[in-house]
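Novice: Sharing run_7.cif below, mmCIF, C-alpha atoms, pLDDT in the B column; chains and numbers go by the auth columns:
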```cif
data_coords
#
loop_
_atom_site.group_PDB
_atom_site.id
_atom_site.type_symbol
_atom_site.label_atom_id
_atom_site.label_comp_id
_atom_site.label_asym_id
_atom_site.label_seq_id
_atom_site.Cartn_x
_atom_site.Cartn_y
_atom_site.Cartn_z
_atom_site.B_iso_or_equiv
_atom_site.auth_seq_id
_atom_site.auth_asym_id
ATOM 1 C CA MET A 1 0.000 0.000 0.000 58.00 1 A
ATOM 2 C CA MET A 2 2.803 2.401 0.953 62.00 2 A
ATOM 3 C CA LYS A 3 4.695 1.379 -2.142 68.00 3 A
ATOM 4 C CA MET A 4 1.748 2.179 -4.369 66.00 4 A
ATOM 5 C CA PHE A 5 1.400 5.551 -2.716 66.00 5 A
ATOM 6 C CA ARG A 6 5.087 6.297 -3.222 69.00 6 A
ATOM 7 C CA ASN A 7 4.917 5.249 -6.842 68.00 7 A
ATOM 8 C CA ALA A 8 1.965 7.545 -7.379 65.00 8 A
ATOM 9 C CA ILE A 9 3.896 10.483 -5.953 62.00 9 A
ATOM 10 C CA LEU A 10 6.885 9.657 -8.141 62.00 10 A
ATOM 11 C CA MET A 11 4.663 9.495 -11.216 63.00 11 A
ATOM 12 C CA ILE A 12 3.087 12.852 -10.419 59.00 12 A
ATOM 13 C CA ALA A 13 6.526 14.381 -9.907 58.00 13 A
ATOM 14 C CA ALA A 14 7.757 12.915 -13.200 58.00 14 A
ATOM 15 C CA SER A 15 4.763 14.164 -15.176 58.00 15 A
ATOM 16 C CA ALA A 16 5.147 17.613 -13.638 55.00 16 A
ATOM 17 C CA ALA A 17 8.758 17.698 -14.826 55.00 17 A
ATOM 18 C CA PHE A 18 7.677 16.860 -18.381 54.00 18 A
ATOM 19 C CA ALA A 19 4.852 19.370 -18.328 52.00 19 A
ATOM 20 C CA VAL A 20 7.236 22.331 -18.281 49.00 20 A
ATOM 21 C CA PRO A 21 7.547 23.450 -21.912 47.00 21 A
ATOM 22 C CA ALA A 22 10.110 26.141 -21.117 49.00 22 A
ATOM 23 C CA LEU A 23 12.934 23.643 -21.066 58.00 23 A
ATOM 24 C CA ALA A 24 11.892 21.888 -24.262 81.00 24 A
ATOM 25 C CA ASP A 25 14.395 22.020 -27.095 91.00 25 A
ATOM 26 C CA ARG A 26 13.720 22.326 -30.789 96.00 26 A
ATOM 27 C CA ASP A 27 12.844 19.188 -32.685 95.00 27 A
ATOM 28 C CA PRO A 28 16.075 17.911 -34.362 96.00 28 A
ATOM 29 C CA ALA A 29 14.576 18.262 -37.859 97.00 29 A
ATOM 30 C CA TYR A 30 13.575 21.858 -37.123 98.00 30 A
ATOM 31 C CA ALA A 31 16.981 22.649 -35.618 97.00 31 A
ATOM 32 C CA ALA A 32 18.704 21.206 -38.701 97.00 32 A
ATOM 33 C CA ALA A 33 16.447 23.130 -41.113 97.00 33 A
ATOM 34 C CA ARG A 34 17.188 26.380 -39.272 97.00 34 A
ATOM 35 C CA ALA A 35 20.917 25.766 -39.134 96.00 35 A
ATOM 36 C CA SER A 36 21.088 24.926 -42.846 97.00 36 A
ATOM 37 C CA GLY A 37 19.061 28.022 -43.776 97.00 37 A
ATOM 38 C CA LYS A 38 16.180 26.062 -45.318 97.00 38 A
ATOM 39 C CA VAL A 39 13.729 27.823 -43.032 98.00 39 A
ATOM 40 C CA GLY A 40 13.864 31.331 -41.635 98.00 40 A
ATOM 41 C CA GLU A 41 12.049 33.838 -39.464 98.00 41 A
ATOM 42 C CA LYS A 42 9.515 36.135 -41.148 97.00 42 A
ATOM 43 C CA PRO A 43 8.584 39.639 -39.875 95.00 43 A
ATOM 44 C CA ASP A 44 4.989 38.506 -39.305 94.00 44 A
ATOM 45 C CA GLY A 45 6.057 36.159 -36.522 97.00 45 A
ATOM 46 C CA TYR A 46 5.903 32.936 -38.480 97.00 46 A
ATOM 47 C CA LEU A 47 8.431 30.579 -39.980 98.00 47 A
ATOM 48 C CA GLY A 48 9.005 30.541 -43.738 98.00 48 A
ATOM 49 C CA ILE A 49 10.653 28.254 -46.267 98.00 49 A
ATOM 50 C CA VAL A 50 13.637 30.015 -47.804 97.00 50 A
ATOM 51 C CA GLY A 51 14.388 28.001 -50.951 94.00 51 A
ATOM 52 C CA GLN A 52 12.499 25.357 -52.863 94.00 52 A
ATOM 53 C CA PRO A 53 9.671 23.977 -50.730 95.00 53 A
ATOM 54 C CA THR A 54 9.573 20.234 -50.170 96.00 54 A
ATOM 55 C CA ARG A 55 6.771 18.231 -48.588 97.00 55 A
ATOM 56 C CA GLU A 56 8.807 17.600 -45.464 96.00 56 A
ATOM 57 C CA LEU A 57 9.771 21.259 -45.082 97.00 57 A
ATOM 58 C CA GLN A 58 6.195 22.383 -45.654 97.00 58 A
ATOM 59 C CA ARG A 59 4.919 19.969 -43.022 97.00 59 A
ATOM 60 C CA LEU A 60 7.585 21.073 -40.543 98.00 60 A
ATOM 61 C CA VAL A 61 6.893 24.785 -41.100 98.00 61 A
ATOM 62 C CA ASP A 62 3.109 24.310 -41.006 98.00 62 A
ATOM 63 C CA ASP A 63 3.362 22.326 -37.778 98.00 63 A
ATOM 64 C CA ILE A 64 5.405 24.996 -36.038 98.00 64 A
ATOM 65 C CA ASN A 65 3.335 27.874 -37.398 98.00 65 A
ATOM 66 C CA ILE A 66 0.082 26.267 -36.222 98.00 66 A
ATOM 67 C CA LYS A 67 1.583 25.915 -32.746 98.00 67 A
ATOM 68 C CA ARG A 68 2.888 29.490 -32.813 98.00 68 A
ATOM 69 C CA ARG A 69 -0.489 30.789 -33.909 98.00 69 A
ATOM 70 C CA ALA A 70 -2.173 29.018 -30.996 98.00 70 A
ATOM 71 C CA VAL A 71 0.304 30.564 -28.555 98.00 71 A
ATOM 72 C CA TYR A 72 -0.074 34.019 -30.136 98.00 72 A
ATOM 73 C CA ALA A 73 -3.859 33.797 -29.962 98.00 73 A
ATOM 74 C CA THR A 74 -3.843 32.992 -26.248 98.00 74 A
ATOM 75 C CA LYS A 75 -1.278 35.641 -25.399 98.00 75 A
ATOM 76 C CA ALA A 76 -2.918 38.279 -27.577 97.00 76 A
ATOM 77 C CA GLN A 77 -6.197 37.754 -25.766 97.00 77 A
ATOM 78 C CA GLN A 78 -4.480 38.033 -22.379 97.00 78 A
ATOM 79 C CA ASN A 79 -2.869 41.314 -23.462 97.00 79 A
ATOM 80 C CA ASN A 80 -5.922 42.837 -25.171 96.00 80 A
ATOM 81 C CA ALA A 81 -4.170 42.818 -28.493 95.00 81 A
ATOM 82 C CA THR A 82 -4.995 41.315 -31.867 94.00 82 A
ATOM 83 C CA LEU A 83 -3.405 38.105 -33.086 94.00 83 A
ATOM 84 C CA GLU A 84 -1.575 40.061 -35.813 93.00 84 A
ATOM 85 C CA GLN A 85 -0.229 42.656 -33.384 94.00 85 A
ATOM 86 C CA TYR A 86 1.106 39.984 -31.051 96.00 86 A
ATOM 87 C CA ALA A 87 2.552 37.915 -33.903 96.00 87 A
ATOM 88 C CA LEU A 88 4.302 40.974 -35.356 95.00 88 A
ATOM 89 C CA THR A 89 5.808 41.786 -31.962 96.00 89 A
ATOM 90 C CA ALA A 90 7.023 38.207 -31.608 97.00 90 A
ATOM 91 C CA GLY A 91 8.419 38.417 -35.150 97.00 91 A
ATOM 92 C CA CYS A 92 10.521 41.435 -34.156 96.00 92 A
ATOM 93 C CA GLN A 93 11.995 39.400 -31.320 96.00 93 A
ATOM 94 C CA ALA A 94 12.353 36.139 -33.212 98.00 94 A
ATOM 95 C CA ILE A 95 14.372 37.880 -35.941 98.00 95 A
ATOM 96 C CA LEU A 96 16.504 39.600 -33.319 97.00 96 A
ATOM 97 C CA ARG A 97 17.191 36.212 -31.723 96.00 97 A
ATOM 98 C CA THR A 98 18.442 34.561 -34.903 97.00 98 A
ATOM 99 C CA VAL A 99 22.092 33.563 -34.657 97.00 99 A
ATOM 100 C CA PRO A 100 24.708 34.180 -37.378 97.00 100 A
ATOM 101 C CA GLY A 101 24.121 31.809 -40.292 97.00 101 A
ATOM 102 C CA GLU A 102 20.367 31.543 -39.786 98.00 102 A
ATOM 103 C CA LYS A 103 17.927 33.096 -42.261 98.00 103 A
ATOM 104 C CA TYR A 104 15.431 35.882 -41.706 98.00 104 A
ATOM 105 C CA GLN A 105 13.188 37.919 -43.978 97.00 105 A
ATOM 106 C CA ALA A 106 13.903 41.638 -44.296 96.00 106 A
ATOM 107 C CA PRO A 107 10.988 44.141 -44.465 94.00 107 A
ATOM 108 C CA ASP A 108 11.316 44.199 -48.290 94.00 108 A
ATOM 109 C CA GLY A 109 10.648 40.456 -48.409 95.00 109 A
ATOM 110 C CA ALA A 110 14.194 39.385 -49.265 96.00 110 A
ATOM 111 C CA TRP A 111 15.725 36.516 -47.308 98.00 111 A
ATOM 112 C CA LYS A 112 18.895 37.512 -45.486 98.00 112 A
ATOM 113 C CA THR A 113 21.518 35.509 -43.684 98.00 113 A
ATOM 114 C CA ARG A 114 22.050 36.752 -40.165 98.00 114 A
ATOM 115 C CA THR A 115 25.540 38.042 -39.456 97.00 115 A
ATOM 116 C CA ASN A 116 26.968 39.621 -36.339 96.00 116 A
ATOM 117 C CA GLU A 117 25.366 42.877 -37.470 95.00 117 A
ATOM 118 C CA PRO A 118 21.869 43.756 -36.236 95.00 118 A
ATOM 119 C CA PRO A 119 19.194 42.284 -38.537 97.00 119 A
ATOM 120 C CA GLN A 120 17.108 44.439 -40.896 97.00 120 A
ATOM 121 C CA ARG A 121 13.734 44.651 -39.193 96.00 121 A
ATOM 122 C CA ASP A 122 10.465 46.500 -39.453 93.00 122 A
ATOM 123 C CA PRO A 123 11.065 50.116 -38.351 91.00 123 A
ATOM 124 C CA ARG A 124 8.348 49.661 -35.723 91.00 124 A
ATOM 125 C CA CYS A 125 10.338 46.941 -33.959 94.00 125 A
ATOM 126 C CA PRO A 126 11.720 48.084 -30.610 90.00 126 A
ATOM 127 C CA THR A 127 15.454 47.851 -30.078 83.00 127 A
ATOM 128 C CA GLU A 128 16.829 45.836 -27.191 68.00 128 A
ATOM 129 C CA GLY A 129 17.568 48.978 -25.196 57.00 129 A
ATOM 130 C CA GLN A 130 14.033 50.242 -25.662 55.00 130 A
ATOM 131 C CA ILE A 131 12.579 46.963 -24.447 52.00 131 A
ATOM 132 C CA ALA A 132 14.798 47.105 -21.372 44.00 132 A
ATOM 133 C CA THR A 133 13.627 50.670 -20.689 42.00 133 A
ATOM 134 C CA GLY A 134 10.035 49.581 -21.122 41.00 134 A
ATOM 135 C CA SER A 135 10.321 46.709 -18.672 40.00 135 A
ATOM 136 C CA ALA A 136 12.057 48.905 -16.102 38.00 136 A
ATOM 137 C CA GLY A 137 9.333 51.537 -16.188 35.00 137 A
ATOM 138 C CA MET B 1 -3.376 121.195 -35.521 49.00 1 B
ATOM 139 C CA ALA B 2 -1.523 119.205 -38.168 51.00 2 B
ATOM 140 C CA ARG B 3 1.235 118.319 -35.759 64.00 3 B
ATOM 141 C CA PRO B 4 -0.478 115.659 -33.648 65.00 4 B
ATOM 142 C CA ALA B 5 -1.648 113.978 -36.860 70.00 5 B
ATOM 143 C CA ARG B 6 1.936 113.839 -38.126 76.00 6 B
ATOM 144 C CA LEU B 7 3.080 112.377 -34.863 68.00 7 B
ATOM 145 C CA LEU B 8 0.378 109.734 -35.065 70.00 8 B
ATOM 146 C CA GLN B 9 1.424 108.870 -38.605 77.00 9 B
ATOM 147 C CA ALA B 10 5.062 108.585 -37.594 68.00 10 B
ATOM 148 C CA GLY B 11 4.080 106.477 -34.629 64.00 11 B
ATOM 149 C CA LEU B 12 2.053 104.117 -36.772 66.00 12 B
ATOM 150 C CA LEU B 13 4.916 103.857 -39.240 65.00 13 B
ATOM 151 C CA ILE B 14 7.378 102.891 -36.503 63.00 14 B
ATOM 152 C CA ALA B 15 4.896 100.450 -35.026 62.00 15 B
ATOM 153 C CA GLY B 16 4.358 98.954 -38.476 61.00 16 B
ATOM 154 C CA LEU B 17 8.091 98.578 -39.000 61.00 17 B
ATOM 155 C CA GLY B 18 8.372 96.931 -35.612 58.00 18 B
ATOM 156 C CA VAL B 19 5.701 94.398 -36.518 59.00 19 B
ATOM 157 C CA LEU B 20 7.426 93.651 -39.823 60.00 20 B
ATOM 158 C CA GLY B 21 10.767 93.236 -38.067 62.00 21 B
ATOM 159 C CA GLY B 22 9.254 90.715 -35.693 70.00 22 B
ATOM 160 C CA CYS B 23 7.856 88.570 -38.486 76.00 23 B
ATOM 161 C CA ILE B 24 9.097 85.015 -38.677 77.00 24 B
ATOM 162 C CA ASN B 25 9.031 83.639 -42.161 81.00 25 B
ATOM 163 C CA VAL B 26 7.946 80.030 -42.304 78.00 26 B
ATOM 164 C CA ALA B 27 8.805 78.382 -45.578 80.00 27 B
ATOM 165 C CA ALA B 28 6.387 75.658 -46.555 76.00 28 B
ATOM 166 C CA PRO B 29 8.187 72.337 -47.152 73.00 29 B
ATOM 167 C CA ASP B 30 8.194 70.976 -50.675 80.00 30 B
ATOM 168 C CA GLU B 31 6.800 67.655 -49.571 78.00 31 B
ATOM 169 C CA PRO B 32 3.492 67.440 -47.742 72.00 32 B
ATOM 170 C CA ILE B 33 3.667 66.694 -44.037 69.00 33 B
ATOM 171 C CA VAL B 34 2.106 63.289 -43.482 66.00 34 B
ATOM 172 C CA ILE B 35 1.382 62.204 -39.964 61.00 35 B
ATOM 173 C CA GLU B 36 0.995 58.472 -40.025 58.00 36 B
ATOM 174 C CA LEU B 37 -1.094 57.906 -36.951 56.00 37 B
ATOM 175 C CA ASN B 38 -1.796 54.322 -37.829 56.00 38 B
ATOM 176 C CA ILE B 39 1.894 53.427 -37.729 56.00 39 B
ATOM 177 C CA ASN B 40 2.432 55.309 -34.467 55.00 40 B
ATOM 178 C CA ILE B 41 -0.401 53.524 -32.754 54.00 41 B
ATOM 179 C CA ARG B 42 0.803 50.166 -33.899 76.00 42 B
ATOM 180 C CA GLN B 43 4.362 50.863 -32.786 85.00 43 B
ATOM 181 C CA GLU B 44 2.982 51.766 -29.382 89.00 44 B
ATOM 182 C CA VAL B 45 1.217 48.412 -29.290 93.00 45 B
ATOM 183 C CA ILE B 46 4.411 46.617 -30.240 94.00 46 B
ATOM 184 C CA TYR B 47 6.300 48.375 -27.455 94.00 47 B
ATOM 185 C CA ARG B 48 3.602 47.417 -24.985 95.00 48 B
ATOM 186 C CA LEU B 49 3.693 43.769 -26.033 96.00 49 B
ATOM 187 C CA ALA B 50 7.471 43.471 -26.448 96.00 50 B
ATOM 188 C CA GLU B 51 8.300 42.176 -22.998 96.00 51 B
ATOM 189 C CA ASP B 52 5.448 39.679 -22.964 97.00 52 B
ATOM 190 C CA ALA B 53 6.410 38.402 -26.414 97.00 53 B
ATOM 191 C CA ALA B 54 10.016 37.915 -25.274 97.00 54 B
ATOM 192 C CA ASN B 55 8.794 35.794 -22.372 97.00 55 B
ATOM 193 C CA THR B 56 6.500 33.831 -24.671 97.00 56 B
ATOM 194 C CA ILE B 57 9.391 32.953 -26.966 97.00 57 B
ATOM 195 C CA GLU B 58 11.475 31.767 -24.027 96.00 58 B
ATOM 196 C CA GLU B 59 8.617 29.730 -22.588 96.00 59 B
ATOM 197 C CA ASN B 60 8.012 28.059 -25.953 97.00 60 B
ATOM 198 C CA ALA B 61 11.607 27.523 -27.022 96.00 61 B
ATOM 199 C CA ASP B 62 10.702 24.339 -28.923 97.00 62 B
ATOM 200 C CA ILE B 63 8.678 26.223 -31.552 97.00 63 B
ATOM 201 C CA PHE B 64 10.885 29.328 -31.843 97.00 64 B
#
```
Turn the structure described in the file into structure tokens.
Specialist:
Amino acid sequence: MMKMFRNAILMIAASAAFAVPALADRDPAYAAARASGKVGEKPDGYLGIVGQPTRELQRLVDDINIKRRAVYATKAQQNNATLEQYALTAGCQAILRTVPGEKYQAPDGAWKTRTNEPPQRDPRCPTEGQIATGSAG
Amino acid sequence: MARPARLLQAGLLIAGLGVLGGCINVAAPDEPIVIELNINIRQEVIYRLAEDAANTIEENADIF
């Protein structure tokens, strides 16, 4: 009886550990597609295919974008914003967070490879310093 | 009797010159001034959401 009880507690603890999405890493296929520049960040907050689309790439991008959209929708509602406004804000950040070698889409629609230089973003995107100021105030 | 009238005229002339001297000429710009309120409002929204969006990306690292 005690053993069953202990097992139950262990199972609850284990499931709680898996329920935290913050520590989840990218799917290996997604990580590889990003690193090889086959997919990139778009200013609208969604992932895009950079070169020739394949079925696998399309499925991967669609899967992630559907999940992103669900997250954006929830968060937008919590913040009294529209889905598009929230997605655009996330797009500003997602492009800023690309690492050198990864692809992102410039405001003119052209795909760029991220370098050590700041990325070309929508002029409405806040800079890092401005975000820091905003969070402090 | 003509004297006070002269004085008044001279006074008006000086006052008029003073007004002219104080004029600031504002040249109209060649291009029309366009105030894009829509863009300003949306940028404000983006600034408001920025911190929350940053947290969202970190909390959902698997899809970003």
Novice: Can you work out the spacing between atom CA of Gly91 of chain A and atom CA of Pro43 of chain A in Å, to one decimal?
Specialist: 4.9 Å
Novice: Name every residue that the PyMOL selection byres ((chain A) within 6 of (chain B)) selects in this structure, writing the answer as a list in words with chains first and numbers rising.
Specialist: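 The output of the PyMOL selection byres ((chain A) within 6 of (chain B)) on this file is Ala22, Ala24, Asp25, Arg26, Ile64, Thr89, Ala90 and Arg124 of chain A.
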Novice: Write out as a list in words the residues lying within 6 Å of Leu88 of chain A, counting all atoms listed in the file and excluding same-chain residues fewer than 4 positions away.
Specialist: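 That gives Asp44, Gly45 and Glu84 of chain A.
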Novice: With the file shown as input, list the residues that the PyMOL selection byres ((chain A and resi 110-114) around 7) selects, as an NGL selection string.
Specialist: :A and (50 or 98-106 or 108-109 or 115-116 or 119)
Novice: Tell me which residues the PyMOL selection byres ((chain A and resi 51-58) around 12) grabs here, as a list in words.
Specialist: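 With the PyMOL selection byres ((chain A and resi 51-58) around 12) on this model, the match is Ala29, Tyr30, Ala31, Ala32, Ala33, Arg34, Ser36, Gly37, Lys38, Val39, Gly40, Leu47, Gly48, Ile49, Val50, Arg59, Leu60, Val61, Asp62, Asp63, Ile64, Asn65, Ile66, Lys103, Ala110, Trp111 and Lys112 of chain A.
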Novice: Atom CA of Pro118 of chain A and atom CA of Lys67 of chain A, how far apart in Å?
Specialist: 27.2 Å
Novice: Provide the atom CA of Pro28 of chain A to atom CA of Tyr72 of chain A distance in Å, to one decimal place.
Specialist: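 Straight-line distance from atom CA of Pro28 of chain A to atom CA of Tyr72 of chain A works out to 23.2 Å.
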